[in-house]
>>> print(open('structure-v2.csv').read())   # CSV, C-alpha atoms (C1' of nucleotides)
chain,number,residue,atom,x,y,z
L,18,MET,CA,-12.3,23.0,75.3
L,19,SER,CA,-14.2,25.9,73.7
L,20,ALA,CA,-15.9,25.9,70.4
L,21,THR,CA,-13.2,27.9,68.7
L,22,GLN,CA,-10.5,25.6,70.0
L,23,ARG,CA,-11.7,22.3,68.9
L,24,PRO,CA,-9.4,20.5,66.5
L,25,GLY,CA,-10.1,19.0,63.1
L,26,MET,CA,-13.0,21.1,62.1
L,27,GLU,CA,-11.6,24.6,61.6
L,28,THR,CA,-12.7,24.6,58.0
L,29,SER,CA,-16.4,24.1,58.7
L,30,ASP,CA,-18.0,27.5,58.8
L,31,ALA,CA,-20.8,26.6,61.3
L,32,LEU,CA,-21.0,24.7,64.5
L,33,ASP,CA,-24.2,23.2,63.2
L,34,SER,CA,-22.5,21.1,60.6
L,35,ASP,CA,-20.0,19.7,63.1
L,36,LEU,CA,-22.0,16.5,63.9
L,37,GLY,CA,-19.1,14.4,65.2
L,38,TRP,CA,-17.9,17.0,67.7
L,39,THR,CA,-21.4,17.8,69.1
L,40,LEU,CA,-22.3,14.2,69.2
L,41,GLY,CA,-19.1,13.4,71.1
L,42,VAL,CA,-19.6,16.2,73.5
L,43,VAL,CA,-23.1,15.2,74.4
L,44,PHE,CA,-22.2,11.5,74.6
L,45,ARG,CA,-19.2,12.1,76.8
L,46,ALA,CA,-21.2,14.3,79.1
L,47,TYR,CA,-23.7,11.6,79.5
L,48,VAL,CA,-21.0,8.9,80.0
L,49,ARG,CA,-19.3,11.1,82.6
L,50,THR,CA,-22.6,11.5,84.5
L,51,VAL,CA,-23.4,7.9,84.4
L,52,ASN,CA,-19.9,6.9,85.5
L,53,ALA,CA,-20.2,9.2,88.4
L,54,LEU,CA,-23.5,7.7,89.4
L,55,VAL,CA,-22.3,4.1,89.3
L,56,SER,CA,-18.8,4.8,90.6
L,57,HIS,CA,-19.8,3.3,94.0
L,58,LEU,CA,-20.2,-0.1,92.3
L,59,PRO,CA,-17.2,-2.4,91.7
L,60,GLY,CA,-16.6,-2.4,88.0
L,61,GLY,CA,-18.4,0.9,87.4
L,62,PRO,CA,-20.9,0.8,84.5
L,63,ARG,CA,-20.3,-2.8,83.7
L,64,GLY,CA,-20.7,-3.7,87.3
L,65,TYR,CA,-24.1,-2.1,87.1
L,66,GLN,CA,-25.0,-4.1,84.0
L,67,VAL,CA,-24.0,-7.3,85.7
L,68,LEU,CA,-26.0,-6.3,88.8
L,69,THR,CA,-29.0,-5.6,86.5
L,70,ALA,CA,-28.8,-9.0,85.0
L,71,ALA,CA,-28.3,-10.6,88.4
L,72,ALA,CA,-31.3,-8.7,90.0
L,73,GLN,CA,-33.5,-10.0,87.2
L,74,GLU,CA,-32.1,-13.5,87.4
L,75,LEU,CA,-31.7,-13.9,83.7
L,76,PRO,CA,-31.3,-17.5,82.5
L,77,GLY,CA,-27.9,-18.7,81.5
L,78,GLY,CA,-24.5,-19.0,83.2
L,79,GLN,CA,-21.8,-16.3,83.4
L,80,GLY,CA,-20.5,-17.1,79.9
L,81,ALA,CA,-23.9,-16.2,78.4
L,82,LEU,CA,-23.8,-13.1,80.6
L,83,ALA,CA,-20.4,-12.1,79.3
L,84,GLN,CA,-21.5,-12.5,75.7
L,85,ARG,CA,-24.6,-10.4,76.4
L,86,LEU,CA,-22.5,-7.6,77.8
L,87,GLY,CA,-19.9,-7.9,75.0
L,88,VAL,CA,-17.0,-8.6,77.3
L,89,ASP,CA,-14.6,-11.5,77.5
L,90,LYS,CA,-15.4,-14.3,79.8
L,91,THR,CA,-12.2,-13.8,81.8
L,92,VAL,CA,-13.2,-10.2,82.4
L,93,MET,CA,-16.6,-11.4,83.7
L,94,THR,CA,-14.7,-13.6,86.2
L,95,TYR,CA,-12.9,-10.5,87.6
L,96,LEU,CA,-16.1,-8.4,87.6
L,97,LEU,CA,-18.0,-11.1,89.5
L,98,ASP,CA,-15.1,-11.6,91.9
L,99,ASP,CA,-15.4,-7.9,92.9
L,100,LEU,CA,-19.2,-7.9,93.0
L,101,GLU,CA,-19.3,-11.0,95.1
L,102,GLN,CA,-16.7,-9.7,97.5
L,103,ALA,CA,-18.8,-6.6,97.9
L,104,GLY,CA,-21.7,-8.8,98.8
L,105,LEU,CA,-23.9,-7.8,95.9
L,106,VAL,CA,-24.1,-11.0,93.9
L,107,GLU,CA,-23.6,-14.7,94.4
L,108,ARG,CA,-22.4,-17.5,92.2
L,109,ARG,CA,-24.6,-20.6,92.5
L,110,PRO,CA,-23.8,-23.8,90.7
L,111,ASP,CA,-26.7,-24.8,88.4
L,112,PRO,CA,-28.1,-28.0,89.7
L,113,ALA,CA,-29.0,-29.2,86.2
L,114,ASP,CA,-25.4,-28.7,84.9
L,115,ARG,CA,-22.9,-28.1,87.7
L,116,ARG,CA,-20.4,-26.6,85.3
L,117,ASN,CA,-22.7,-23.6,84.9
L,118,LYS,CA,-22.9,-20.9,87.5
L,119,ARG,CA,-26.1,-18.9,87.9
L,120,ILE,CA,-25.5,-15.3,88.9
L,121,VAL,CA,-28.1,-14.0,91.4
L,122,ALA,CA,-28.2,-10.7,93.3
L,123,THR,CA,-28.2,-10.7,97.1
L,124,GLU,CA,-30.8,-8.8,99.1
L,125,ARG,CA,-28.3,-6.0,99.3
L,126,GLY,CA,-27.5,-6.2,95.6
L,127,ARG,CA,-31.2,-5.8,94.7
L,128,ALA,CA,-31.5,-2.8,96.9
L,129,THR,CA,-28.3,-1.2,95.5
L,130,TRP,CA,-29.5,-1.9,92.0
L,131,ALA,CA,-32.9,-0.4,92.5
L,132,GLU,CA,-31.5,2.8,94.0
L,133,THR,CA,-28.8,3.1,91.3
L,134,GLN,CA,-31.4,2.7,88.6
L,135,THR,CA,-33.4,5.5,90.0
L,136,ARG,CA,-30.4,7.8,89.9
L,137,LEU,CA,-29.8,6.9,86.3
L,138,GLU,CA,-33.3,7.8,85.3
L,139,HIS,CA,-32.7,11.2,86.7
L,140,ALA,CA,-29.4,11.5,84.8
L,141,GLU,CA,-31.2,11.2,81.5
L,142,GLU,CA,-33.3,14.2,82.3
L,143,HIS,CA,-30.3,16.0,83.5
L,144,VAL,CA,-28.6,15.7,80.1
L,145,LEU,CA,-31.8,16.7,78.3
L,146,ALA,CA,-32.4,19.6,80.7
L,147,PRO,CA,-31.4,22.3,78.2
L,148,LEU,CA,-34.4,21.4,76.0
L,149,ASP,CA,-38.0,22.1,76.7
L,150,PRO,CA,-40.3,19.1,77.0
L,151,ALA,CA,-41.5,19.2,73.4
L,152,ASP,CA,-37.9,19.4,72.1
L,153,ARG,CA,-36.9,16.5,74.3
L,154,SER,CA,-39.5,14.3,72.7
L,155,VAL,CA,-38.4,15.4,69.2
L,156,PHE,CA,-34.8,14.8,70.0
L,157,ARG,CA,-35.5,11.3,71.5
L,158,GLU,CA,-37.5,10.4,68.5
L,159,LEU,CA,-34.9,11.5,65.9
L,160,LEU,CA,-32.2,9.8,67.9
L,161,ARG,CA,-34.2,6.7,68.0
L,162,LYS,CA,-34.6,6.7,64.3
L,163,LEU,CA,-30.9,7.1,63.8
L,164,ALA,CA,-30.1,4.3,66.4
L,165,VAL,CA,-32.5,1.9,64.7
L,166,HIS,CA,-30.9,2.5,61.4
L,167,ALA,CA,-27.3,2.3,62.8
L,168,ASN,CA,-28.2,-0.9,64.5
L,169,ALA,CA,-29.8,-2.5,61.4
L,170,LEU,CA,-26.6,-2.1,59.4
L,171,ASP,CA,-23.7,-4.6,59.6
L,172,PRO,CA,-21.1,-2.1,60.9
L,173,VAL,CA,-18.0,-3.6,59.3
L,174,HIS,CA,-19.5,-4.4,55.9
L,175,ASP,CA,-21.2,-1.1,55.6
L,176,THR,CA,-18.2,1.1,56.5
L,177,CYS,CA,-16.2,-0.9,54.0
L,178,ARG,CA,-18.7,-0.2,51.4
L,179,LEU,CA,-18.7,3.5,52.4
L,180,VAL,CA,-14.9,3.7,52.0
L,181,THR,CA,-15.1,2.1,48.6
L,182,GLU,CA,-17.8,4.5,47.4
L,183,LEU,CA,-16.2,7.6,48.7
L,184,ALA,CA,-12.6,7.0,47.9
L,185,PRO,CA,-12.4,4.5,45.1
L,186,ASP,CA,-9.0,5.7,43.7
L,187,THR,CA,-7.2,6.0,47.0
L,188,ALA,CA,-3.8,4.3,47.5
L,189,PRO,CA,-3.7,4.1,51.3
L,190,VAL,CA,-0.6,5.2,53.2
L,191,LYS,CA,0.8,2.1,54.8
L,192,PRO,CA,0.0,2.6,58.6
L,193,ARG,CA,3.3,1.4,59.9
L,194,ARG,CA,3.7,1.4,63.6
L,195,SER,CA,7.0,1.9,65.3
L,196,PRO,CA,7.7,-0.8,67.9
L,197,ARG,CA,7.7,0.5,71.4
L,198,HIS,CA,9.0,-0.9,74.8
M,8,MET,CA,-27.4,-6.6,69.5
M,9,SER,CA,-31.2,-6.2,69.0
M,10,ALA,CA,-33.4,-3.8,70.8
M,11,THR,CA,-34.9,-6.6,72.9
M,12,GLN,CA,-31.5,-7.9,73.9
M,13,ARG,CA,-29.9,-4.8,75.3
M,14,PRO,CA,-28.9,-5.1,78.9
M,15,GLY,CA,-29.6,-2.8,81.8
M,16,MET,CA,-32.8,-1.3,80.6
M,17,GLU,CA,-35.3,-4.1,80.6
M,18,THR,CA,-37.6,-2.2,83.0
M,19,SER,CA,-38.1,0.8,80.8
M,20,ASP,CA,-41.3,0.3,78.9
M,21,ALA,CA,-40.4,2.3,75.8
M,22,LEU,CA,-37.3,2.5,73.6
M,23,ASP,CA,-37.9,6.3,73.5
M,24,SER,CA,-36.9,6.8,77.1
M,25,ASP,CA,-33.7,4.9,76.7
M,26,LEU,CA,-31.5,7.9,76.0
M,27,GLY,CA,-28.2,6.4,77.0
M,28,TRP,CA,-28.6,3.4,74.8
M,29,THR,CA,-29.7,5.2,71.7
M,30,LEU,CA,-27.0,7.9,72.1
M,31,GLY,CA,-24.4,5.2,72.5
M,32,VAL,CA,-25.5,3.3,69.4
M,33,VAL,CA,-25.5,6.4,67.2
M,34,PHE,CA,-22.2,7.7,68.6
M,35,ARG,CA,-20.5,4.3,68.2
M,36,ALA,CA,-21.8,4.0,64.7
M,37,TYR,CA,-20.3,7.4,63.9
M,38,VAL,CA,-17.0,6.5,65.6
M,39,ARG,CA,-16.8,3.2,63.7
M,40,THR,CA,-17.4,5.0,60.4
M,41,VAL,CA,-14.8,7.7,61.2
M,42,ASN,CA,-12.3,5.1,62.3
M,43,ALA,CA,-12.7,3.2,59.1
M,44,LEU,CA,-12.2,6.4,57.1
M,45,VAL,CA,-9.0,7.4,58.8
M,46,SER,CA,-7.6,3.9,59.3
M,47,HIS,CA,-5.1,4.5,56.5
M,48,LEU,CA,-3.4,7.2,58.7
M,49,PRO,CA,-0.8,6.2,61.3
M,50,GLY,CA,-2.5,6.8,64.7
M,51,GLY,CA,-6.0,6.7,63.2
M,52,PRO,CA,-8.3,9.4,64.4
M,53,ARG,CA,-5.7,11.1,66.4
M,54,GLY,CA,-3.2,11.0,63.6
M,55,TYR,CA,-5.8,12.8,61.5
M,56,GLN,CA,-6.2,15.5,64.2
M,57,VAL,CA,-2.4,16.0,64.3
M,58,LEU,CA,-2.3,16.1,60.5
M,59,THR,CA,-5.1,18.7,60.6
M,60,ALA,CA,-3.1,20.9,62.9
M,61,ALA,CA,0.0,20.4,60.9
M,62,ALA,CA,-1.7,21.2,57.6
M,63,GLN,CA,-2.9,24.5,59.1
M,64,GLU,CA,0.5,25.2,60.7
M,65,LEU,CA,-1.0,26.2,64.0
M,66,PRO,CA,1.3,28.2,66.3
M,67,GLY,CA,3.1,26.4,69.1
M,68,GLY,CA,5.3,23.4,69.5
M,69,GLN,CA,4.3,19.8,69.9
M,70,GLY,CA,3.6,20.2,73.6
M,71,ALA,CA,0.9,22.8,72.9
M,72,LEU,CA,-0.4,20.4,70.2
M,73,ALA,CA,-0.6,17.6,72.7
M,74,GLN,CA,-2.5,19.7,75.1
M,75,ARG,CA,-4.9,20.8,72.4
M,76,LEU,CA,-5.7,17.2,71.5
M,77,GLY,CA,-5.9,16.1,75.1
M,78,VAL,CA,-3.2,13.6,74.9
M,79,ASP,CA,0.0,13.1,76.9
M,80,LYS,CA,3.1,14.7,75.4
M,81,THR,CA,4.8,11.3,75.3
M,82,VAL,CA,2.0,9.9,73.2
M,83,MET,CA,2.4,12.9,70.9
M,84,THR,CA,6.1,11.9,70.4
M,85,TYR,CA,5.0,8.4,69.3
M,86,LEU,CA,2.3,9.8,67.1
M,87,LEU,CA,4.7,12.2,65.4
M,88,ASP,CA,7.3,9.4,65.0
M,89,ASP,CA,4.8,7.4,63.0
M,90,LEU,CA,3.4,10.3,61.0
M,91,GLU,CA,7.0,11.5,60.1
M,92,GLN,CA,8.0,8.1,59.1
M,93,ALA,CA,5.0,7.9,56.8
M,94,GLY,CA,6.2,11.2,55.2
M,95,LEU,CA,3.1,13.1,56.2
M,96,VAL,CA,4.6,15.7,58.6
M,97,GLU,CA,7.9,17.2,59.6
M,98,ARG,CA,9.4,18.3,62.9
M,99,ARG,CA,11.2,21.7,62.4
M,100,PRO,CA,13.1,23.3,65.3
M,101,ASP,CA,11.7,26.8,66.0
M,102,PRO,CA,14.4,29.3,65.1
M,103,ALA,CA,13.1,31.6,67.9
M,104,ASP,CA,13.4,28.9,70.6
M,105,ARG,CA,15.2,25.8,69.5
M,106,ARG,CA,13.7,23.7,72.2
M,107,ASN,CA,10.3,24.0,70.4
M,108,LYS,CA,9.6,21.9,67.4
M,109,ARG,CA,7.1,23.2,64.9
M,110,ILE,CA,4.9,20.5,63.3
M,111,VAL,CA,4.3,21.1,59.6
M,112,ALA,CA,2.6,18.9,57.0
M,113,THR,CA,4.6,17.8,53.9
M,114,GLU,CA,3.1,18.2,50.5
M,115,ARG,CA,1.9,14.7,50.7
M,116,GLY,CA,0.6,15.3,54.1
M,117,ARG,CA,-1.5,18.2,53.0
M,118,ALA,CA,-2.9,16.2,50.0
M,119,THR,CA,-3.8,13.3,52.3
M,120,TRP,CA,-5.4,15.6,54.8
M,121,ALA,CA,-7.6,17.3,52.2
M,122,GLU,CA,-8.8,14.0,50.8
M,123,THR,CA,-9.5,12.5,54.2
M,124,GLN,CA,-11.4,15.6,55.2
M,125,THR,CA,-13.7,15.2,52.2
M,126,ARG,CA,-14.4,11.6,53.2
M,127,LEU,CA,-15.3,12.7,56.7
M,128,GLU,CA,-17.8,15.2,55.5
M,129,HIS,CA,-19.6,12.5,53.6
M,130,ALA,CA,-19.6,10.3,56.7
M,131,GLU,CA,-21.7,12.9,58.6
M,132,GLU,CA,-24.4,12.7,56.0
M,133,HIS,CA,-24.1,8.9,56.0
M,134,VAL,CA,-25.0,8.8,59.7
M,135,LEU,CA,-27.8,11.3,59.3
M,136,ALA,CA,-29.1,9.5,56.2
M,137,PRO,CA,-32.2,8.0,57.9
M,138,LEU,CA,-33.6,11.5,58.5
M,139,ASP,CA,-35.1,13.7,55.8
M,140,PRO,CA,-33.4,17.1,55.3
M,141,ALA,CA,-35.7,19.0,57.6
M,142,ASP,CA,-35.3,16.6,60.4
M,143,ARG,CA,-31.5,16.6,60.0
M,144,SER,CA,-31.5,20.4,60.6
M,145,VAL,CA,-33.7,20.0,63.7
M,146,PHE,CA,-31.5,17.2,65.0
M,147,ARG,CA,-28.3,19.2,64.5
M,148,GLU,CA,-29.8,22.2,66.2
M,149,LEU,CA,-31.1,20.3,69.3
M,150,LEU,CA,-27.8,18.4,69.5
M,151,ARG,CA,-25.9,21.7,69.3
M,152,LYS,CA,-28.0,23.1,72.2
M,153,LEU,CA,-27.2,20.1,74.3
M,154,ALA,CA,-23.5,20.2,73.4
M,155,VAL,CA,-23.2,23.9,74.3
M,156,HIS,CA,-24.9,23.2,77.7
M,157,ALA,CA,-22.8,20.2,78.4
M,158,ASN,CA,-19.6,22.1,77.5
M,159,ALA,CA,-20.5,25.1,79.7
M,160,LEU,CA,-20.7,22.9,82.8
M,161,ASP,CA,-17.7,21.9,84.8
M,162,PRO,CA,-18.1,18.2,84.4
M,163,VAL,CA,-16.6,17.0,87.6
M,164,HIS,CA,-18.1,19.6,89.8
M,165,ASP,CA,-21.5,19.2,88.2
M,166,THR,CA,-21.7,15.4,88.4
M,167,CYS,CA,-20.7,15.6,92.0
M,168,ARG,CA,-23.5,18.0,92.7
M,169,LEU,CA,-25.8,15.8,90.8
M,170,VAL,CA,-24.9,12.8,92.9
M,171,THR,CA,-25.4,14.7,96.1
M,172,GLU,CA,-28.7,16.0,95.0
M,173,LEU,CA,-30.1,12.7,93.8
M,174,ALA,CA,-28.7,10.4,96.5
M,175,PRO,CA,-28.0,12.5,99.6
M,176,ASP,CA,-28.5,9.6,102.0
M,177,THR,CA,-26.5,7.0,100.2
M,178,ALA,CA,-23.8,5.1,102.0
M,179,PRO,CA,-21.6,4.0,99.0
M,180,VAL,CA,-20.5,0.5,98.7
M,181,LYS,CA,-16.7,0.5,99.0
M,182,PRO,CA,-15.5,-0.3,95.4
M,183,ARG,CA,-12.7,-2.6,96.4
M,184,ARG,CA,-10.6,-3.9,93.6
M,185,SER,CA,-9.0,-7.3,93.7
M,186,PRO,CA,-5.3,-7.2,92.8
M,187,ARG,CA,-4.6,-8.9,89.5
M,188,HIS,CA,-1.4,-10.3,88.0
W,10,DT,C1',17.0,26.7,87.5
W,11,DA,C1',13.0,26.1,84.2
W,12,DT,C1',11.2,24.2,80.0
W,13,DT,C1',10.8,21.2,75.5
W,14,DG,C1',10.9,17.0,73.8
W,15,DT,C1',12.8,12.1,74.3
W,16,DT,C1',13.5,7.7,76.4
W,17,DA,C1',12.8,4.2,79.8
W,18,DT,C1',9.8,2.2,83.0
W,19,DA,C1',5.5,1.0,85.3
W,20,DC,C1',0.6,0.5,85.4
W,21,DT,C1',-4.1,-0.7,83.6
W,22,DC,C1',-7.0,-3.0,80.7
W,23,DT,C1',-7.9,-6.6,77.7
W,24,DA,C1',-7.1,-10.8,75.2
W,25,DT,C1',-4.9,-15.5,74.7
W,26,DA,C1',-3.7,-19.9,76.4
W,27,DA,C1',-3.3,-23.4,79.7
W,28,DC,C1',-5.6,-25.6,83.4
W,29,DT,C1',-9.8,-27.8,86.5
W,30,DA,C1',-14.0,-29.8,87.0
W,31,DT,C1',-17.7,-31.3,85.2
W,32,DA,C1',-20.3,-33.6,81.2
U,15,DT,C1',-13.7,-35.4,73.8
U,16,DA,C1',-16.2,-31.1,74.6
U,17,DT,C1',-17.7,-27.2,77.6
U,18,DA,C1',-17.9,-23.6,81.8
U,19,DG,C1',-15.2,-21.2,84.5
U,20,DT,C1',-10.6,-20.0,86.5
U,21,DT,C1',-5.8,-18.8,86.5
U,22,DA,C1',-1.5,-17.3,84.4
U,23,DT,C1',0.6,-14.8,80.9
U,24,DA,C1',1.3,-11.5,77.2
U,25,DG,C1',0.0,-7.7,74.6
U,26,DA,C1',-1.6,-2.7,73.6
U,27,DG,C1',-2.3,1.7,75.3
U,28,DT,C1',-1.3,5.1,78.6
U,29,DA,C1',0.9,7.6,82.2
U,30,DT,C1',5.1,8.6,85.3
U,31,DA,C1',9.9,9.6,85.9
U,32,DA,C1',14.5,10.3,84.6
U,33,DC,C1',17.1,12.4,81.0
U,34,DA,C1',19.4,15.6,77.3
U,35,DA,C1',19.3,20.0,75.0
U,36,DT,C1',18.2,24.7,75.3
U,37,DA,C1',16.8,28.9,77.6
>>> encode(input="structure-v2.csv", output="structure tokens")
Amino acid sequence: MSATQRPGMETSDALDSDLGWTLGVVFRAYVRTVNALVSHLPGGPRGYQVLTAAAQELPGGQGALAQRLGVDKTVMTYLLDDLEQAGLVERRPDPADRRNKRIVATERGRATWAETQTRLEHAEEHVLAPLDPADRSVFRELLRKLAVHANALDPVHDTCRLVTELAPDTAPVKPRRSPRH
Amino acid sequence: MSATQRPGMETSDALDSDLGWTLGVVFRAYVRTVNALVSHLPGGPRGYQVLTAAAQELPGGQGALAQRLGVDKTVMTYLLDDLEQAGLVERRPDPADRRNKRIVATERGRATWAETQTRLEHAEEHVLAPLDPADRSVFRELLRKLAVHANALDPVHDTCRLVTELAPDTAPVKPRRSPRH
DNA sequence: TATTGTTATACTCTATAACTATA
DNA sequence: TATAGTTATAGAGTATAACAATA
């Protein structure tokens, strides 16, 4: 999609002001790159995250791991099934509480993780390649400031407040959905 | 999730170097905000994009519109069903070729679009609020540079090249999927 | 015959609920 | 009874294929 084709922002006069679009383009480019770099792992990016945790032998069972990654515990079961079948991780019953299962990486899993991690470090530089070194530092620092702030806010609460502030007199259109299937 | 809890990056020593994480945090914060601001529209963000196109009476039928937005034409059918039912847009057969349907906003649709657009402009500033005005300009400019570069590249081709360059001797683990259901 | 849009169907991903084995 | 993990099932979203109307 070219800059003149992008939808939704035709009324803004400058590309500069089109934060959402540029942010989306850069983020998606990064995600595409990362996805390609971890596509050899079962479960893709999330498989990599699980493998990371396994390689570092984090405390806690697979439920804790699921919570950490923000996925459902049932999804974690499927992810681990695939990773275990690929010989990258193992499920070991915790001797202290045999309901828990510790997730540990196999030898092969650790090697795969280390190699993948190296690739991902290069990917960051690849995305930032258009900027000279000084600008990269500046960009990282500004982005970090924004991230810290975004993280500090309660997302739901804050956006609600924002809506109220910006559109106090709006009678929302009822978002009715047509039933499908 | 706090900075010390984030998965996958425990080996990087500084938050600065964690581009993917910070980029994701900021992008998701923006997306959350936007979603909240357009949640009153059927179809959410994509409903807004359709409404934008309709308000500007872009040339072409709904197939062209679907392509423009990067969604399937069948999805466009459902989106338009909902928007039409809400009284925001109309489908008008093109007199020149009655297979085509022109999508035009109703009076109410145009008013809703204008109001929503105003909200979204405020949302940009909300995300950038942690930066002082000078830094905002710098950030927008650097992000624009990255976006232009990311856009100029053929995504698939380039990531393939990247994989080859970074990991020429890798024997990929077969990403076998277990059948579910 | 080719094309626009619709409808019906299938597939993927994710979430909910029921089940087991431990505690 | 309560909890960790698994399995079965259902839902939302999306894509594929067959269809009707028009060219």
>>> residues_near_point(input="structure-v2.csv", point="(-2.9, -2.5, 81.6)", cutoff="12 Å", atoms="only C-alpha atoms (C1' of nucleotides)", output="list in words")
Arg187 and His188 of chain M; DA19, DC20, DT21, DC22, DT23 and DA24 of chain W; DA24, DG25, DA26, DG27, DT28 and DA29 of chain U
>>> closest_atom_pairs(input="structure-v2.csv", of="chain M", to="chain W", cutoff="8 Å", atoms="all atoms listed in the file", output="Markdown table")
| residue | atom | partner | partner_atom | distance |
| --- | --- | --- | --- | --- |
| M:Gly70 | CA | W:DT13 | C1' | 7.5 |
| M:Thr84 | CA | W:DT15 | C1' | 7.8 |
| M:Arg106 | CA | W:DT13 | C1' | 5.1 |
| M:Asn107 | CA | W:DT13 | C1' | 5.8 |
>>> write_last_selection(input="structure-v2.csv", atoms="C-alpha atoms", output="CSV table (one decimal), in the frame of the given file")
chain,number,residue,atom,x,y,z
M,70,GLY,CA,3.6,20.2,73.6
M,84,THR,CA,6.1,11.9,70.4
M,106,ARG,CA,13.7,23.7,72.2
M,107,ASN,CA,10.3,24.0,70.4
>>> atom_distance(input="structure-v2.csv", atom1="atom CA of Gly77 of chain L", atom2="atom CA of Val92 of chain L")
17.0 Å
>>> interface_residues(input="structure-v2.csv", of="chain L", to="chain U", cutoff="12 Å", atoms="only C-alpha atoms (C1' of nucleotides)", output="PyMOL selection string")
chain L and resi 77-81+83+89-95+97-98+108+110-111+114-119+196-198
>>> closest_residue(input="structure-v2.csv", among="M:Ala154, M:Ala112, M:Leu65, M:Val96", to="chain L", atoms="only C-alpha atoms")
M:Ala154
>>> atom_distance(input="structure-v2.csv", atom1="atom CA of Leu58 of chain L", atom2="atom CA of Ala46 of chain L")
19.6 Å
>>> atom_distance(input="structure-v2.csv", atom1="atom CA of Leu86 of chain L", atom2="atom CA of Ala70 of chain L")
9.7 Å
>>> closest_residue(input="structure-v2.csv", among="M:Arg117, M:Arg143, M:Arg35, M:His47", to="chain L", atoms="all atoms listed in the file")
M:His47
>>> build_atoms(input="structure-v2.csv", residues="segment 91-104 of chain M", atoms="N, CA and C atoms", output="compact mmCIF listing (two decimals), in the frame of the given file")
# COMPACT_ATOMS: atom_id res chain seq x y z
N GLU M 91 5.75 11.07 60.83
CA GLU M 91 7.00 11.50 60.10
C GLU M 91 7.54 10.41 59.30
N GLN M 92 7.52 9.22 59.87
CA GLN M 92 8.00 8.10 59.10
C GLN M 92 7.23 7.80 57.88
N ALA M 93 5.92 8.10 57.95
CA ALA M 93 5.00 7.90 56.80
C ALA M 93 5.17 9.07 55.81
N GLY M 94 5.99 10.06 56.15
CA GLY M 94 6.20 11.20 55.20
C GLY M 94 5.09 12.18 55.17
N LEU M 95 4.29 12.25 56.22
CA LEU M 95 3.10 13.10 56.20
C LEU M 95 3.40 14.47 56.92
N VAL M 96 4.26 14.44 57.93
CA VAL M 96 4.60 15.70 58.60
C VAL M 96 6.10 15.77 58.85
N GLU M 97 6.54 16.97 59.23
CA GLU M 97 7.90 17.20 59.60
C GLU M 97 8.04 17.88 60.92
N ARG M 98 9.10 17.60 61.64
CA ARG M 98 9.40 18.30 62.90
C ARG M 98 10.51 19.36 62.50
N ARG M 99 10.21 20.64 62.71
CA ARG M 99 11.20 21.70 62.40
C ARG M 99 11.50 22.45 63.70
N PRO M 100 12.78 22.52 64.07
CA PRO M 100 13.10 23.30 65.30
C PRO M 100 12.73 24.77 65.04
N ASP M 101 12.08 25.35 66.03
CA ASP M 101 11.70 26.80 66.00
C ASP M 101 12.91 27.63 66.08
N PRO M 102 13.17 28.48 65.07
CA PRO M 102 14.40 29.30 65.10
C PRO M 102 14.40 30.25 66.32
N ALA M 103 13.22 30.68 66.76
CA ALA M 103 13.10 31.60 67.90
C ALA M 103 13.50 30.93 69.21
N ASP M 104 13.09 29.68 69.37
CA ASP M 104 13.40 28.90 70.60
C ASP M 104 13.65 27.48 70.17
